[in-house]
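File shown here: data12.csv, holding CSV, C-alpha atoms and all ligand atoms.
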```csv
chain,number,residue,atom,x,y,z
A,1,MET,CA,0.0,0.0,0.0
A,2,LYS,CA,1.3,3.5,-0.9
A,3,PRO,CA,1.8,5.8,2.1
A,4,THR,CA,-0.9,8.1,0.9
A,5,GLU,CA,-3.4,5.3,0.6
A,6,GLU,CA,-2.4,4.1,4.0
A,7,ARG,CA,-3.1,7.5,5.5
A,8,LYS,CA,-6.3,7.8,3.6
A,9,LYS,CA,-7.4,4.6,5.3
A,10,ILE,CA,-6.4,5.8,8.7
A,11,LEU,CA,-8.4,9.0,8.3
A,12,THR,CA,-11.6,7.4,6.9
A,13,GLY,CA,-11.2,4.6,9.4
A,14,VAL,CA,-12.0,7.0,12.2
A,15,GLY,CA,-14.6,8.9,10.2
A,16,ILE,CA,-12.5,11.8,9.1
A,17,LYS,CA,-12.9,13.0,5.5
A,18,TYR,CA,-9.7,13.0,3.5
A,19,SER,CA,-8.2,16.3,2.6
A,20,LYS,CA,-4.7,17.4,1.5
A,21,GLN,CA,-4.3,19.4,4.6
A,22,ARG,CA,-5.3,16.6,7.0
A,23,ASP,CA,-3.2,14.2,5.1
A,24,LEU,CA,-0.1,16.4,5.4
A,25,ILE,CA,-0.5,16.9,9.1
A,26,LEU,CA,-0.9,13.2,9.6
A,27,GLU,CA,2.2,12.5,7.6
A,28,LEU,CA,4.2,15.0,9.5
A,29,LEU,CA,3.1,13.6,12.8
A,30,ASN,CA,3.8,10.0,11.6
A,31,HIS,CA,7.3,10.9,10.8
A,32,SER,CA,8.1,12.8,13.9
A,33,GLU,CA,9.9,11.0,16.7
A,34,MET,CA,9.0,13.8,19.1
A,35,PRO,CA,5.8,15.6,20.1
A,36,LEU,CA,5.3,18.8,18.2
A,37,THR,CA,3.6,22.1,18.9
A,38,ALA,CA,1.0,23.4,16.4
A,39,GLU,CA,3.5,26.2,15.6
A,40,THR,CA,6.3,23.8,14.7
A,41,LEU,CA,3.9,21.9,12.5
A,42,TYR,CA,2.8,25.1,10.9
A,43,ILE,CA,6.4,25.9,10.0
A,44,GLN,CA,6.9,22.5,8.5
A,45,ILE,CA,3.6,22.9,6.5
A,46,GLN,CA,4.8,26.2,5.0
A,47,ALA,CA,8.0,24.4,3.9
A,48,ALA,CA,5.8,21.8,2.1
A,49,GLU,CA,4.2,24.7,0.2
A,50,ILE,CA,0.6,23.7,1.1
A,51,SER,CA,-1.5,26.7,2.0
A,52,MET,CA,-3.0,26.5,5.5
A,53,ASN,CA,-3.3,28.9,8.3
A,54,LEU,CA,-2.4,28.3,11.9
A,55,SER,CA,-6.0,28.2,13.0
A,56,THR,CA,-6.7,25.4,10.5
A,57,VAL,CA,-3.7,23.5,12.0
A,58,TYR,CA,-5.3,23.8,15.4
A,59,ARG,CA,-8.6,22.7,14.1
A,60,VAL,CA,-7.2,19.6,12.4
A,61,LEU,CA,-5.1,18.8,15.6
A,62,ASP,CA,-8.3,19.0,17.7
A,63,LEU,CA,-10.1,16.8,15.4
A,64,PHE,CA,-7.3,14.2,15.4
A,65,THR,CA,-7.2,14.4,19.2
A,66,MET,CA,-10.9,13.8,19.4
A,67,LYS,CA,-10.7,10.8,17.1
A,68,GLY,CA,-7.7,9.3,19.1
A,69,LEU,CA,-5.2,9.7,16.2
A,70,VAL,CA,-3.2,12.1,18.3
A,71,THR,CA,-2.5,12.7,21.9
A,72,LYS,CA,-2.3,16.2,23.4
A,73,ASN,CA,-0.1,16.8,26.3
A,74,TYR,CA,1.4,19.6,28.3
A,75,ILE,CA,4.9,18.6,29.4
A,76,GLY,CA,7.1,20.3,32.0
A,77,ASP,CA,6.6,24.0,32.4
A,78,MET,CA,5.7,24.6,28.8
A,79,ASN,CA,2.3,26.3,28.4
A,80,LYS,CA,1.9,25.1,24.8
A,81,ALA,CA,0.3,21.8,24.0
A,82,LEU,CA,2.4,19.1,22.3
A,83,TYR,CA,0.8,16.9,19.8
A,84,GLU,CA,2.0,13.4,19.0
A,85,ARG,CA,0.7,10.5,16.9
A,86,ASN,CA,-1.0,8.1,19.2
A,87,ARG,CA,0.9,4.9,18.6
A,88,MET,CA,-0.5,3.2,21.7
A,89,GLU,CA,3.0,2.8,23.1
A,90,HIS,CA,3.9,3.3,26.7
A,91,LYS,CA,6.7,5.7,27.1
A,92,HIS,CA,8.1,8.6,29.1
A,93,TYR,CA,10.3,11.6,28.2
A,94,LEU,CA,13.6,13.0,29.1
A,95,ILE,CA,13.2,16.8,29.0
A,96,CYS,CA,16.6,18.3,28.1
A,97,LEU,CA,17.2,21.3,30.2
A,98,LYS,CA,19.5,22.8,27.6
A,99,CYS,CA,17.8,22.3,24.2
A,100,LYS,CA,14.3,21.7,25.7
A,101,ARG,CA,13.7,18.7,23.5
A,102,ASN,CA,11.6,15.8,24.7
A,103,ILE,CA,13.5,12.6,24.2
A,104,PRO,CA,11.2,9.5,24.3
A,105,ILE,CA,12.2,6.7,26.6
A,106,TYR,CA,10.5,3.4,25.8
A,107,GLU,CA,11.6,1.5,28.9
A,108,CYS,CA,9.6,1.7,32.1
A,109,PRO,CA,10.1,-0.1,35.4
A,110,LEU,CA,6.9,1.4,36.9
A,111,GLU,CA,4.5,-1.2,35.6
A,112,LYS,CA,6.2,-3.8,37.8
A,113,PHE,CA,6.4,-1.5,40.7
A,114,GLY,CA,2.8,-0.6,40.3
A,115,ARG,CA,1.7,-4.2,40.5
A,116,TYR,CA,3.8,-4.6,43.6
A,117,LEU,CA,2.1,-1.5,45.2
A,118,GLU,CA,-1.4,-2.7,44.2
A,119,GLU,CA,-0.8,-6.0,46.0
A,120,LYS,CA,0.8,-4.4,49.0
A,121,MET,CA,-1.6,-1.6,49.6
A,122,ASN,CA,-4.7,-3.1,48.1
A,123,ILE,CA,-5.1,-0.3,45.5
A,124,ASP,CA,-5.7,-0.1,41.8
A,125,ILE,CA,-3.3,1.9,39.7
A,126,VAL,CA,-4.7,3.0,36.4
A,127,SER,CA,-1.9,5.1,34.9
A,128,HIS,CA,1.2,7.0,35.8
A,129,LYS,CA,3.1,10.1,34.7
A,130,VAL,CA,6.9,10.4,34.9
A,131,GLU,CA,9.0,13.3,33.6
A,132,LEU,CA,12.8,13.0,33.6
A,133,TYR,CA,15.0,16.0,33.5
A,134,GLY,CA,18.6,16.3,32.4
A,135,TYR,CA,20.7,16.6,29.3
A,136,CYS,CA,20.3,14.8,26.1
A,137,SER,CA,23.3,13.0,24.5
A,138,ASP,CA,23.8,15.9,22.0
A,139,CYS,CA,24.0,18.5,24.7
A,140,LYS,CA,26.2,16.3,26.8
A,141,GLN,CA,28.6,15.9,23.9
A,142,LYS,CA,28.7,19.6,23.3
A,143,GLN,CA,29.4,20.3,26.9
A,144,MET,CA,32.4,18.0,26.8
A,145,GLU,CA,33.7,19.6,23.7
A,146,ALA,CA,33.4,23.1,25.1
A,201,ZN,ZN,19.6,18.7,24.6
A,202,ZN,ZN,5.8,4.2,32.6
```

Kindly present the structure from the file in structure tokens form.
Amino acid sequence: MKPTEERKKILTGVGIKYSKQRDLILELLNHSEMPLTAETLYIQIQAAEISMNLSTVYRVLDLFTMKGLVTKNYIGDMNKALYERNRMEHKHYLICLKCKRNIPIYECPLEKFGRYLEEKMNIDIVSHKVELYGYCSDCKQKQMEA
């Protein structure tokens, strides 16, 4: 299946009508390893030379969030929402104090710890939130070279 066809299927699968703009936003989110703000997406859209204004980007992101294609999060002390393709993966982020990037971390020891606590305290844990702060490997490298 061609990537465009695949995305068309994803959109219609959740009841969203296909359009060039929606397709592009989905594509950009599919290819991003990191959660993005609407503004960052907007800049990437302009580079792709497809006309769309920022409010349309927000509307499409809201629609995607409502349909579960995208997750919307506020991380750290940022007051801007970060949007990310919902891949149903469990992960956390290292927030780099220098470059402010969010680096995904796919390992999590808390599932096991949670089950231990559930048993010990007779509670039910539904989810958890962890934010790690530090320096990404790029910034660490630069610090060493400086
Ligand atoms: Zn960094
Ligand atoms: Zn976790």

Could you pull out the residues sitting within 12 Å of ligand ZN 202 (chain A), using all atoms listed in the file, and write them as a PDB file with C-alpha atoms, in the frame of the given file?
```pdb
ATOM      1  CA  GLU A  89       3.000   2.800  23.100  1.00  0.00           C
ATOM      2  CA  HIS A  90       3.900   3.300  26.700  1.00  0.00           C
ATOM      3  CA  LYS A  91       6.700   5.700  27.100  1.00  0.00           C
ATOM      4  CA  HIS A  92       8.100   8.600  29.100  1.00  0.00           C
ATOM      5  CA  TYR A  93      10.300  11.600  28.200  1.00  0.00           C
ATOM      6  CA  PRO A 104      11.200   9.500  24.300  1.00  0.00           C
ATOM      7  CA  ILE A 105      12.200   6.700  26.600  1.00  0.00           C
ATOM      8  CA  TYR A 106      10.500   3.400  25.800  1.00  0.00           C
ATOM      9  CA  GLU A 107      11.600   1.500  28.900  1.00  0.00           C
ATOM     10  CA  CYS A 108       9.600   1.700  32.100  1.00  0.00           C
ATOM     11  CA  PRO A 109      10.100  -0.100  35.400  1.00  0.00           C
ATOM     12  CA  LEU A 110       6.900   1.400  36.900  1.00  0.00           C
ATOM     13  CA  GLU A 111       4.500  -1.200  35.600  1.00  0.00           C
ATOM     14  CA  LYS A 112       6.200  -3.800  37.800  1.00  0.00           C
ATOM     15  CA  PHE A 113       6.400  -1.500  40.700  1.00  0.00           C
ATOM     16  CA  GLY A 114       2.800  -0.600  40.300  1.00  0.00           C
ATOM     17  CA  ILE A 125      -3.300   1.900  39.700  1.00  0.00           C
ATOM     18  CA  VAL A 126      -4.700   3.000  36.400  1.00  0.00           C
ATOM     19  CA  SER A 127      -1.900   5.100  34.900  1.00  0.00           C
ATOM     20  CA  HIS A 128       1.200   7.000  35.800  1.00  0.00           C
ATOM     21  CA  LYS A 129       3.100  10.100  34.700  1.00  0.00           C
ATOM     22  CA  VAL A 130       6.900  10.400  34.900  1.00  0.00           C
ATOM     23  CA  GLU A 131       9.000  13.300  33.600  1.00  0.00           C
ATOM     24  CA  LEU A 132      12.800  13.000  33.600  1.00  0.00           C
TER      25      LEU A 132
END
```

What does the distance between atom CA of A:Thr40 and atom CA of A:Thr71 come to in Å, to one decimal place?
->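 Atom CA of A:Thr71 lies at a distance of 15.9 Å from atom CA of A:Thr40.
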
Quick one: contact table of chain A to ligand ZN 201 (chain A), 10 Å max, nearest atom pair and distance in Å to one decimal per residue, counting only C-alpha atoms and all ligand atoms, chain and number order, as a Markdown table?
```
| residue | atom | partner | partner_atom | distance |
| --- | --- | --- | --- | --- |
| A:Leu94 | CA | A:ZN201 | ZN | 9.4 |
| A:Ile95 | CA | A:ZN201 | ZN | 8.0 |
| A:Cys96 | CA | A:ZN201 | ZN | 4.6 |
| A:Leu97 | CA | A:ZN201 | ZN | 6.6 |
| A:Lys98 | CA | A:ZN201 | ZN | 5.1 |
| A:Cys99 | CA | A:ZN201 | ZN | 4.0 |
| A:Lys100 | CA | A:ZN201 | ZN | 6.2 |
| A:Arg101 | CA | A:ZN201 | ZN | 6.0 |
| A:Asn102 | CA | A:ZN201 | ZN | 8.5 |
| A:Ile103 | CA | A:ZN201 | ZN | 8.6 |
| A:Gly134 | CA | A:ZN201 | ZN | 8.2 |
| A:Tyr135 | CA | A:ZN201 | ZN | 5.3 |
| A:Cys136 | CA | A:ZN201 | ZN | 4.2 |
| A:Ser137 | CA | A:ZN201 | ZN | 6.8 |
| A:Asp138 | CA | A:ZN201 | ZN | 5.7 |
| A:Cys139 | CA | A:ZN201 | ZN | 4.4 |
| A:Lys140 | CA | A:ZN201 | ZN | 7.4 |
| A:Gln141 | CA | A:ZN201 | ZN | 9.5 |
| A:Lys142 | CA | A:ZN201 | ZN | 9.2 |
```

Using only C-alpha atoms, please write the residues we just selected to a file, as a PDB file, in the coordinates of the input.
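In the end it all went to again-v2.pdb:
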```pdb
ATOM      1  CA  LEU A  94      13.600  13.000  29.100  1.00  0.00           C
ATOM      2  CA  ILE A  95      13.200  16.800  29.000  1.00  0.00           C
ATOM      3  CA  CYS A  96      16.600  18.300  28.100  1.00  0.00           C
ATOM      4  CA  LEU A  97      17.200  21.300  30.200  1.00  0.00           C
ATOM      5  CA  LYS A  98      19.500  22.800  27.600  1.00  0.00           C
ATOM      6  CA  CYS A  99      17.800  22.300  24.200  1.00  0.00           C
ATOM      7  CA  LYS A 100      14.300  21.700  25.700  1.00  0.00           C
ATOM      8  CA  ARG A 101      13.700  18.700  23.500  1.00  0.00           C
ATOM      9  CA  ASN A 102      11.600  15.800  24.700  1.00  0.00           C
ATOM     10  CA  ILE A 103      13.500  12.600  24.200  1.00  0.00           C
ATOM     11  CA  GLY A 134      18.600  16.300  32.400  1.00  0.00           C
ATOM     12  CA  TYR A 135      20.700  16.600  29.300  1.00  0.00           C
ATOM     13  CA  CYS A 136      20.300  14.800  26.100  1.00  0.00           C
ATOM     14  CA  SER A 137      23.300  13.000  24.500  1.00  0.00           C
ATOM     15  CA  ASP A 138      23.800  15.900  22.000  1.00  0.00           C
ATOM     16  CA  CYS A 139      24.000  18.500  24.700  1.00  0.00           C
ATOM     17  CA  LYS A 140      26.200  16.300  26.800  1.00  0.00           C
ATOM     18  CA  GLN A 141      28.600  15.900  23.900  1.00  0.00           C
ATOM     19  CA  LYS A 142      28.700  19.600  23.300  1.00  0.00           C
TER      20      LYS A 142
END
```

What does the distance between atom CA of A:Thr65 and atom CA of A:Ile45 come to in Å, to one decimal place?
-> 18.7 Å

Which stretch 10-46 of chain A residues have any atom within 12 Å of an atom of stretch 72-86 of chain A, and for each, what is the nearest pair of atoms with distance in Å to one decimal, counting all atoms listed in the file, rows sorted by chain and number, as a Markdown table?
```
| residue | atom | partner | partner_atom | distance |
| --- | --- | --- | --- | --- |
| A:Ile10 | CA | A:Arg85 | CA | 11.8 |
| A:Ile25 | CA | A:Arg85 | CA | 10.2 |
| A:Leu26 | CA | A:Arg85 | CA | 7.9 |
| A:Glu27 | CA | A:Arg85 | CA | 9.6 |
| A:Leu28 | CA | A:Arg85 | CA | 9.3 |
| A:Leu29 | CA | A:Arg85 | CA | 5.7 |
| A:Asn30 | CA | A:Arg85 | CA | 6.2 |
| A:His31 | CA | A:Arg85 | CA | 9.0 |
| A:Ser32 | CA | A:Glu84 | CA | 8.0 |
| A:Glu33 | CA | A:Glu84 | CA | 8.6 |
| A:Met34 | CA | A:Glu84 | CA | 7.0 |
| A:Pro35 | CA | A:Glu84 | CA | 4.5 |
| A:Leu36 | CA | A:Leu82 | CA | 5.0 |
| A:Thr37 | CA | A:Leu82 | CA | 4.7 |
| A:Ala38 | CA | A:Tyr83 | CA | 7.3 |
| A:Glu39 | CA | A:Lys80 | CA | 9.4 |
| A:Thr40 | CA | A:Leu82 | CA | 9.7 |
| A:Leu41 | CA | A:Tyr83 | CA | 9.4 |
```

Write a file for stretch 100-121 of chain A, containing C-alpha atoms (output as a short mmCIF file (atom, residue, chain, number, x, y, z; two decimals), in the first residue's frame).
```cif
data_model
loop_
_atom_site.label_atom_id
_atom_site.label_comp_id
_atom_site.auth_asym_id
_atom_site.auth_seq_id
_atom_site.Cartn_x
_atom_site.Cartn_y
_atom_site.Cartn_z
CA LYS A 100 14.30 21.75 25.66
CA ARG A 101 13.72 18.74 23.45
CA ASN A 102 11.62 15.83 24.68
CA ILE A 103 13.49 12.59 24.17
CA PRO A 104 11.22 9.52 24.26
CA ILE A 105 12.17 6.71 26.61
CA TYR A 106 10.54 3.40 25.83
CA GLU A 107 11.59 1.50 28.92
CA CYS A 108 9.57 1.74 32.09
CA PRO A 109 10.11 -0.11 35.36
CA LEU A 110 6.95 1.35 36.90
CA GLU A 111 4.53 -1.24 35.55
CA LYS A 112 6.15 -3.81 37.76
CA PHE A 113 6.43 -1.45 40.70
CA GLY A 114 2.76 -0.57 40.27
CA ARG A 115 1.69 -4.19 40.48
CA TYR A 116 3.76 -4.59 43.64
CA LEU A 117 2.09 -1.54 45.21
CA GLU A 118 -1.37 -2.72 44.17
CA GLU A 119 -0.83 -5.96 45.99
CA LYS A 120 0.83 -4.45 49.02
CA MET A 121 -1.59 -1.57 49.56
#
```
